[in-house]
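Worksheet: one structure, shown below.
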Amino acid sequence: MPCPDLYRRVMATDLLVRPLSPADLPSVLDIERQGYSYPWSEAVFLDCFKDSYRLWAVCHGEFLAGYAVVAYMVDEAHLLNICTHPQVRGKGIGRQLLRHLLSAASREGMSKLLLEVRASNEAAIGLYEVEGFREIGRRPGYYPAASGREDARVMALGLGR
Ligand SMILES: CC(C)(COP(=O)(O)OP(=O)(O)OC[C@H]1O[C@@H](n2cnc3c(N)ncnc32)[C@H](O)[C@@H]1OP(=O)(O)O)[C@@H](O)C(=O)NCCC(=O)NCCS
């Protein structure tokens, strides 16, 4: 499905967030490889189709604009992956997807959402901060990087109900 000409901010009502299905994986893998220097493999995604995981797709018509993977562990949700198509970034799609997965986690009884993010990932950190996440710690050398290893910032948001 070709990328639509989204020249402006997308209206929330133009987007649908729905559960991701294994049939979406070719599009997901295409976005994933453009989004990360160390992308997940198909096997890693397939391993997430389990009861304690939530996989979300955000769509504009037939076009898959992004996806997210969340793991539920007791009462904590962990955001393992969130990625939007490179041609439709900066249009509010990541924010809408994040808000959707947060409200689903809250509805399902999760008390907080935790995530790790590369310390150099300004776009993701900007999104998380504007949505209320705060840093609760760091994991030194957590990620592989071209120049050795890179720290993770651990961020959290309480899901008050
Ligand atoms: C992080 C990511 C999901 C953001 O998706 P997006 O659809 O571009 O985000 P949005 O358009 O909804 O942006 C929402 C807010 O995030 C912040 N933001 C987004 N891009 C930013 C950037 N490049 N720099 C700083 N802040 C940014 C802004 O506060 C923005 O709000 P504003 O447009 O009103 O100023 C996207 O950049 C991405 O897929 N990156 C590659 C994968 C990745 O790194 N995922 C995170 C792993 S932890």
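Following the order of the structure tokens, chains are lettered A, B, ..., residues in each are numbered from 1, and ligands are numbered from 1.
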Listing only residues of chain A within 7 Å of ligand 1, what is the closest atom pair and its distance in Å (to one decimal) for each, using only C-alpha atoms and all ligand atoms, sorted by chain and residue number ascending, as a Markdown table?
```
| residue | atom | partner | partner_atom_place_in_ligand_line | distance |
| --- | --- | --- | --- | --- |
| A:Gly35 | CA | ligand 1 | 41 (C) | 4.3 |
| A:Tyr36 | CA | ligand 1 | 42 (C) | 5.9 |
| A:Asn81 | CA | ligand 1 | 47 (C) | 5.7 |
| A:Ile82 | CA | ligand 1 | 45 (N) | 4.9 |
| A:Cys83 | CA | ligand 1 | 39 (O) | 3.3 |
| A:Thr84 | CA | ligand 1 | 39 (O) | 3.8 |
| A:His85 | CA | ligand 1 | 39 (O) | 6.3 |
| A:Pro86 | CA | ligand 1 | 39 (O) | 6.7 |
| A:Val88 | CA | ligand 1 | 7 (O) | 6.6 |
| A:Arg89 | CA | ligand 1 | 8 (O) | 3.4 |
| A:Gly90 | CA | ligand 1 | 11 (O) | 3.1 |
| A:Lys91 | CA | ligand 1 | 11 (O) | 4.0 |
| A:Gly92 | CA | ligand 1 | 12 (O) | 3.1 |
| A:Ile93 | CA | ligand 1 | 7 (O) | 4.1 |
| A:Gly94 | CA | ligand 1 | 7 (O) | 3.5 |
| A:Arg95 | CA | ligand 1 | 12 (O) | 3.7 |
| A:Gln96 | CA | ligand 1 | 12 (O) | 6.4 |
| A:Glu116 | CA | ligand 1 | 48 (S) | 6.0 |
| A:Val117 | CA | ligand 1 | 48 (S) | 4.1 |
| A:Arg118 | CA | ligand 1 | 48 (S) | 6.6 |
| A:Asn121 | CA | ligand 1 | 44 (O) | 6.2 |
| A:Glu122 | CA | ligand 1 | 24 (N) | 5.1 |
| A:Ala123 | CA | ligand 1 | 22 (C) | 3.4 |
| A:Ala124 | CA | ligand 1 | 1 (C) | 3.6 |
| A:Ile125 | CA | ligand 1 | 26 (N) | 6.9 |
| A:Gly126 | CA | ligand 1 | 26 (N) | 3.8 |
| A:Leu127 | CA | ligand 1 | 16 (O) | 3.1 |
| A:Tyr128 | CA | ligand 1 | 16 (O) | 6.9 |
| A:Val130 | CA | ligand 1 | 29 (O) | 5.3 |
```
Residues of the last selection are to be written out with N, CA, C and O atoms, as a CSV table (one decimal), in the first residue's frame.
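Everything below was put into out-v6.csv:
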```csv
chain,number,residue,atom,x,y,z
A,35,GLY,N,13.3,2.2,10.5
A,35,GLY,CA,13.2,3.0,11.7
A,35,GLY,C,14.4,2.8,12.7
A,35,GLY,O,14.6,3.6,13.5
A,36,TYR,N,15.1,1.7,12.6
A,36,TYR,CA,16.1,1.3,13.6
A,36,TYR,C,17.4,0.9,12.9
A,36,TYR,O,17.3,0.1,11.9
A,81,ASN,N,8.3,-1.6,21.8
A,81,ASN,CA,8.6,-1.0,20.4
A,81,ASN,C,7.4,-0.1,20.0
A,81,ASN,O,6.3,-0.4,20.3
A,82,ILE,N,7.8,1.1,19.5
A,82,ILE,CA,6.8,2.0,18.9
A,82,ILE,C,7.5,2.6,17.7
A,82,ILE,O,8.7,3.1,17.8
A,83,CYS,N,6.9,2.6,16.6
A,83,CYS,CA,7.6,3.1,15.4
A,83,CYS,C,6.5,3.6,14.4
A,83,CYS,O,5.5,2.9,14.2
A,84,THR,N,6.8,4.7,13.8
A,84,THR,CA,5.9,5.2,12.7
A,84,THR,C,6.6,5.2,11.4
A,84,THR,O,7.9,5.3,11.3
A,85,HIS,N,5.9,5.2,10.3
A,85,HIS,CA,6.5,5.2,9.0
A,85,HIS,C,7.3,6.4,8.8
A,85,HIS,O,6.8,7.5,9.1
A,86,PRO,N,8.5,6.3,8.3
A,86,PRO,CA,9.4,7.6,8.2
A,86,PRO,C,8.8,8.7,7.3
A,86,PRO,O,9.1,9.8,7.6
A,88,VAL,N,5.7,9.6,7.3
A,88,VAL,CA,4.5,10.3,8.0
A,88,VAL,C,4.8,10.7,9.4
A,88,VAL,O,4.0,10.8,10.2
A,89,ARG,N,6.1,10.9,9.7
A,89,ARG,CA,6.5,11.4,11.1
A,89,ARG,C,6.2,12.8,11.3
A,89,ARG,O,6.1,13.6,10.3
A,90,GLY,N,6.1,13.2,12.5
A,90,GLY,CA,5.8,14.6,12.9
A,90,GLY,C,4.4,15.1,12.6
A,90,GLY,O,4.2,16.3,12.5
A,91,LYS,N,3.5,14.1,12.4
A,91,LYS,CA,2.1,14.5,12.1
A,91,LYS,C,1.1,14.1,13.2
A,91,LYS,O,-0.1,14.1,13.0
A,92,GLY,N,1.7,13.7,14.3
A,92,GLY,CA,0.8,13.4,15.4
A,92,GLY,C,0.4,11.9,15.5
A,92,GLY,O,-0.4,11.5,16.4
A,93,ILE,N,1.0,11.1,14.6
A,93,ILE,CA,0.5,9.6,14.6
A,93,ILE,C,1.1,8.9,15.8
A,93,ILE,O,0.4,8.1,16.4
A,94,GLY,N,2.4,9.1,16.1
A,94,GLY,CA,3.0,8.4,17.2
A,94,GLY,C,2.3,8.8,18.5
A,94,GLY,O,2.1,7.9,19.3
A,95,ARG,N,2.0,10.1,18.6
A,95,ARG,CA,1.2,10.5,19.9
A,95,ARG,C,-0.1,9.8,20.0
A,95,ARG,O,-0.4,9.3,21.0
A,96,GLN,N,-0.8,9.7,18.9
A,96,GLN,CA,-2.1,9.0,19.0
A,96,GLN,C,-2.0,7.5,19.3
A,96,GLN,O,-2.7,7.0,20.1
A,116,GLU,N,12.4,1.7,27.8
A,116,GLU,CA,13.8,2.1,27.6
A,116,GLU,C,13.9,2.8,26.3
A,116,GLU,O,13.3,2.4,25.3
A,117,VAL,N,14.7,3.9,26.3
A,117,VAL,CA,15.0,4.6,25.0
A,117,VAL,C,16.4,5.0,24.9
A,117,VAL,O,17.1,5.3,25.9
A,118,ARG,N,17.0,4.9,23.7
A,118,ARG,CA,18.4,5.3,23.5
A,118,ARG,C,18.5,6.8,24.0
A,118,ARG,O,17.7,7.6,23.6
A,121,ASN,N,18.0,9.4,21.3
A,121,ASN,CA,16.8,9.4,20.4
A,121,ASN,C,15.9,10.5,20.8
A,121,ASN,O,14.9,10.4,21.5
A,122,GLU,N,16.2,11.7,20.2
A,122,GLU,CA,15.6,12.9,20.6
A,122,GLU,C,14.1,12.9,20.2
A,122,GLU,O,13.2,13.5,21.0
A,123,ALA,N,13.7,12.3,19.1
A,123,ALA,CA,12.3,12.3,18.7
A,123,ALA,C,11.5,11.5,19.7
A,123,ALA,O,10.4,12.0,20.2
A,124,ALA,N,11.9,10.3,20.0
A,124,ALA,CA,11.2,9.5,21.0
A,124,ALA,C,11.1,10.1,22.3
A,124,ALA,O,10.1,10.2,23.0
A,125,ILE,N,12.3,10.7,22.8
A,125,ILE,CA,12.3,11.3,24.2
A,125,ILE,C,11.3,12.5,24.2
A,125,ILE,O,10.6,12.7,25.1
A,126,GLY,N,11.3,13.3,23.1
A,126,GLY,CA,10.4,14.4,23.0
A,126,GLY,C,9.0,14.0,23.1
A,126,GLY,O,8.2,14.6,23.8
A,127,LEU,N,8.6,12.9,22.4
A,127,LEU,CA,7.3,12.4,22.4
A,127,LEU,C,6.9,11.9,23.9
A,127,LEU,O,5.9,12.3,24.4
A,128,TYR,N,7.8,11.2,24.5
A,128,TYR,CA,7.5,10.6,25.8
A,128,TYR,C,7.4,11.8,26.8
A,128,TYR,O,6.5,11.8,27.7
A,130,VAL,N,6.6,14.9,26.3
A,130,VAL,CA,5.4,15.8,26.1
A,130,VAL,C,4.2,15.0,26.6
A,130,VAL,O,3.2,15.6,27.0
```
Quiz prompt | Expected answer as a ChimeraX atom specification: strand (DSSP E or B) residues in range 30-129 of chain A | solution = /A:53-60,63-73,76-84,112-118
Just N, CA, C and O atoms for this one: save the residues we selected as a compact mmCIF listing (two decimals), in the first residue's frame.
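Final output, saved to out.txt:
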```txt
# COMPACT_ATOMS: atom_id res chain seq x y z
N TYR A 53 0.90 -9.93 25.75
CA TYR A 53 1.39 -8.83 24.92
C TYR A 53 0.21 -8.17 24.21
O TYR A 53 -0.80 -8.81 23.92
N ARG A 54 0.37 -6.89 23.94
CA ARG A 54 -0.59 -6.18 23.10
C ARG A 54 0.18 -5.60 21.93
O ARG A 54 1.18 -4.89 22.12
N LEU A 55 -0.27 -5.92 20.72
CA LEU A 55 0.37 -5.39 19.51
C LEU A 55 -0.66 -4.53 18.80
O LEU A 55 -1.79 -4.98 18.56
N TRP A 56 -0.26 -3.30 18.48
CA TRP A 56 -1.20 -2.34 17.92
C TRP A 56 -0.71 -1.86 16.56
O TRP A 56 0.49 -1.68 16.35
N ALA A 57 -1.68 -1.62 15.68
CA ALA A 57 -1.39 -1.01 14.37
C ALA A 57 -2.15 0.30 14.30
O ALA A 57 -3.31 0.35 14.73
N VAL A 58 -1.51 1.34 13.79
CA VAL A 58 -2.24 2.58 13.51
C VAL A 58 -2.30 2.73 11.99
O VAL A 58 -1.28 2.63 11.31
N CYS A 59 -3.53 2.89 11.50
CA CYS A 59 -3.73 2.86 10.04
C CYS A 59 -4.41 4.14 9.56
O CYS A 59 -5.24 4.72 10.27
N HIS A 60 -4.03 4.52 8.34
CA HIS A 60 -4.71 5.61 7.63
C HIS A 60 -5.31 4.94 6.40
O HIS A 60 -4.60 4.65 5.43
N PHE A 63 -3.36 2.03 4.66
CA PHE A 63 -1.92 2.26 4.87
C PHE A 63 -1.56 2.06 6.33
O PHE A 63 -2.16 2.68 7.22
N LEU A 64 -0.57 1.19 6.58
CA LEU A 64 -0.09 0.98 7.94
C LEU A 64 0.92 2.09 8.27
O LEU A 64 2.02 2.13 7.71
N ALA A 65 0.51 3.00 9.15
CA ALA A 65 1.33 4.18 9.45
C ALA A 65 2.26 3.95 10.63
O ALA A 65 3.21 4.72 10.82
N GLY A 66 2.01 2.92 11.43
CA GLY A 66 2.89 2.66 12.58
C GLY A 66 2.36 1.49 13.39
O GLY A 66 1.28 0.96 13.12
N TYR A 67 3.15 1.13 14.39
CA TYR A 67 2.78 -0.02 15.22
C TYR A 67 3.47 0.12 16.57
O TYR A 67 4.41 0.91 16.73
N ALA A 68 2.97 -0.66 17.52
CA ALA A 68 3.57 -0.68 18.86
C ALA A 68 3.41 -2.06 19.46
O ALA A 68 2.45 -2.77 19.15
N VAL A 69 4.36 -2.41 20.33
CA VAL A 69 4.32 -3.69 21.04
C VAL A 69 4.49 -3.41 22.53
O VAL A 69 5.43 -2.73 22.94
N VAL A 70 3.55 -3.93 23.31
CA VAL A 70 3.55 -3.71 24.76
C VAL A 70 3.47 -5.07 25.44
O VAL A 70 2.69 -5.93 25.02
N ALA A 71 4.28 -5.26 26.48
CA ALA A 71 4.20 -6.49 27.29
C ALA A 71 3.60 -6.14 28.64
O ALA A 71 3.97 -5.13 29.25
N TYR A 72 2.67 -6.95 29.11
CA TYR A 72 2.07 -6.77 30.43
C TYR A 72 2.75 -7.75 31.39
O TYR A 72 2.79 -8.96 31.14
N MET A 73 3.31 -7.20 32.47
CA MET A 73 3.96 -8.04 33.49
C MET A 73 3.34 -7.71 34.83
O MET A 73 3.59 -6.64 35.37
N GLU A 76 2.42 -4.06 35.53
CA GLU A 76 3.24 -3.08 34.81
C GLU A 76 3.23 -3.38 33.31
O GLU A 76 3.44 -4.53 32.91
N ALA A 77 3.01 -2.32 32.54
CA ALA A 77 3.10 -2.46 31.08
C ALA A 77 4.48 -1.97 30.65
O ALA A 77 4.99 -0.98 31.19
N HIS A 78 5.09 -2.69 29.70
CA HIS A 78 6.41 -2.31 29.18
C HIS A 78 6.27 -2.06 27.68
O HIS A 78 5.86 -2.96 26.95
N LEU A 79 6.62 -0.85 27.28
CA LEU A 79 6.57 -0.53 25.85
C LEU A 79 7.87 -1.01 25.22
O LEU A 79 8.94 -0.50 25.50
N LEU A 80 7.75 -2.05 24.38
CA LEU A 80 8.94 -2.68 23.81
C LEU A 80 9.29 -2.10 22.45
O LEU A 80 10.44 -2.18 22.02
N ASN A 81 8.30 -1.56 21.75
CA ASN A 81 8.56 -1.04 20.41
C ASN A 81 7.44 -0.07 20.04
O ASN A 81 6.26 -0.37 20.29
N ILE A 82 7.80 1.06 19.49
CA ILE A 82 6.81 1.95 18.87
C ILE A 82 7.52 2.61 17.71
O ILE A 82 8.66 3.08 17.83
N CYS A 83 6.88 2.60 16.56
CA CYS A 83 7.55 3.09 15.36
C CYS A 83 6.50 3.59 14.37
O CYS A 83 5.46 2.94 14.20
N THR A 84 6.79 4.73 13.76
CA THR A 84 5.89 5.21 12.71
C THR A 84 6.64 5.23 11.37
O THR A 84 7.87 5.29 11.34
N LYS A 112 1.32 1.31 35.72
CA LYS A 112 2.29 2.22 35.10
C LYS A 112 2.78 1.64 33.78
O LYS A 112 2.61 0.44 33.52
N LEU A 113 3.39 2.51 32.97
CA LEU A 113 4.03 2.03 31.75
C LEU A 113 5.49 2.42 31.81
O LEU A 113 5.82 3.58 32.12
N LEU A 114 6.36 1.46 31.58
CA LEU A 114 7.82 1.66 31.60
C LEU A 114 8.37 1.48 30.20
O LEU A 114 7.81 0.71 29.40
N LEU A 115 9.47 2.14 29.92
CA LEU A 115 10.14 1.94 28.63
C LEU A 115 11.61 2.29 28.75
O LEU A 115 12.02 2.99 29.66
N GLU A 116 12.38 1.74 27.80
CA GLU A 116 13.78 2.14 27.64
C GLU A 116 13.92 2.84 26.30
O GLU A 116 13.28 2.44 25.33
N VAL A 117 14.75 3.87 26.27
CA VAL A 117 14.96 4.60 25.02
C VAL A 117 16.43 4.98 24.94
O VAL A 117 17.05 5.33 25.95
N ARG A 118 16.98 4.89 23.71
CA ARG A 118 18.37 5.32 23.52
C ARG A 118 18.52 6.77 23.95
O ARG A 118 17.69 7.62 23.56
```
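Considering the residues A:Gly148, A:Leu101, A:Gly141, A:Ala156 and counting only C-alpha atoms, Pro19 in chain A has its shortest atom-to-atom contact with A:Leu101.
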Quiz item: Contacts of Leu159 in chain A at 7 Å or less, counting only C-alpha atoms, minus same-chain residues fewer than 4 places along, as a VMD selection string?
Solution: chain A and resid 106 110 to 112
Keeping only all heavy atoms, write those residues as a PDB file, in the first residue's frame.
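Produced file out-v3.pdb, reproduced below:
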```pdb
ATOM      1  N   SER A 106      -4.281   1.097  30.877  1.00  0.00           N
ATOM      2  CA  SER A 106      -4.975   1.552  32.079  1.00  0.00           C
ATOM      3  C   SER A 106      -6.284   0.780  32.269  1.00  0.00           C
ATOM      4  O   SER A 106      -6.584   0.285  33.357  1.00  0.00           O
ATOM      5  CB  SER A 106      -5.221   3.056  31.952  1.00  0.00           C
ATOM      6  OG  SER A 106      -5.988   3.505  33.020  1.00  0.00           O
ATOM      7  N   MET A 110      -3.288  -1.997  34.347  1.00  0.00           N
ATOM      8  CA  MET A 110      -1.859  -1.723  34.541  1.00  0.00           C
ATOM      9  C   MET A 110      -1.701  -0.430  35.350  1.00  0.00           C
ATOM     10  O   MET A 110      -2.445   0.538  35.138  1.00  0.00           O
ATOM     11  CB  MET A 110      -1.135  -1.570  33.191  1.00  0.00           C
ATOM     12  CG  MET A 110      -1.191  -2.805  32.316  1.00  0.00           C
ATOM     13  SD  MET A 110      -0.338  -4.223  33.030  1.00  0.00           S
ATOM     14  CE  MET A 110      -1.713  -5.334  33.204  1.00  0.00           C
ATOM     15  N   SER A 111      -0.744  -0.402  36.261  1.00  0.00           N
ATOM     16  CA  SER A 111      -0.585   0.777  37.129  1.00  0.00           C
ATOM     17  C   SER A 111       0.417   1.767  36.555  1.00  0.00           C
ATOM     18  O   SER A 111       0.409   2.941  36.925  1.00  0.00           O
ATOM     19  CB  SER A 111      -0.137   0.355  38.522  1.00  0.00           C
ATOM     20  OG  SER A 111       1.154  -0.219  38.453  1.00  0.00           O
ATOM     21  N   LYS A 112       1.315   1.307  35.718  1.00  0.00           N
ATOM     22  CA  LYS A 112       2.287   2.218  35.101  1.00  0.00           C
ATOM     23  C   LYS A 112       2.780   1.641  33.783  1.00  0.00           C
ATOM     24  O   LYS A 112       2.608   0.438  33.523  1.00  0.00           O
ATOM     25  CB  LYS A 112       3.464   2.483  36.029  1.00  0.00           C
ATOM     26  CG  LYS A 112       4.307   1.270  36.340  1.00  0.00           C
ATOM     27  CD  LYS A 112       5.571   1.638  37.079  1.00  0.00           C
ATOM     28  CE  LYS A 112       5.323   1.772  38.566  1.00  0.00           C
ATOM     29  NZ  LYS A 112       6.549   1.535  39.364  1.00  0.00           N
TER      30      LYS A 112
END
```
Quiz item: Out of chain A, which residues get helix (DSSP H, G or I) from DSSP, as a PyMOL selection string?
Solution: chain A and resi 12-14+22-35+42-47+86-88+93-107+122-130
Self-check item: Distance criterion (only C-alpha atoms): nearest to Leu15 in chain A out of A:Ala152, A:Val74, A:Leu29, A:Leu97
Solution: A:Leu97
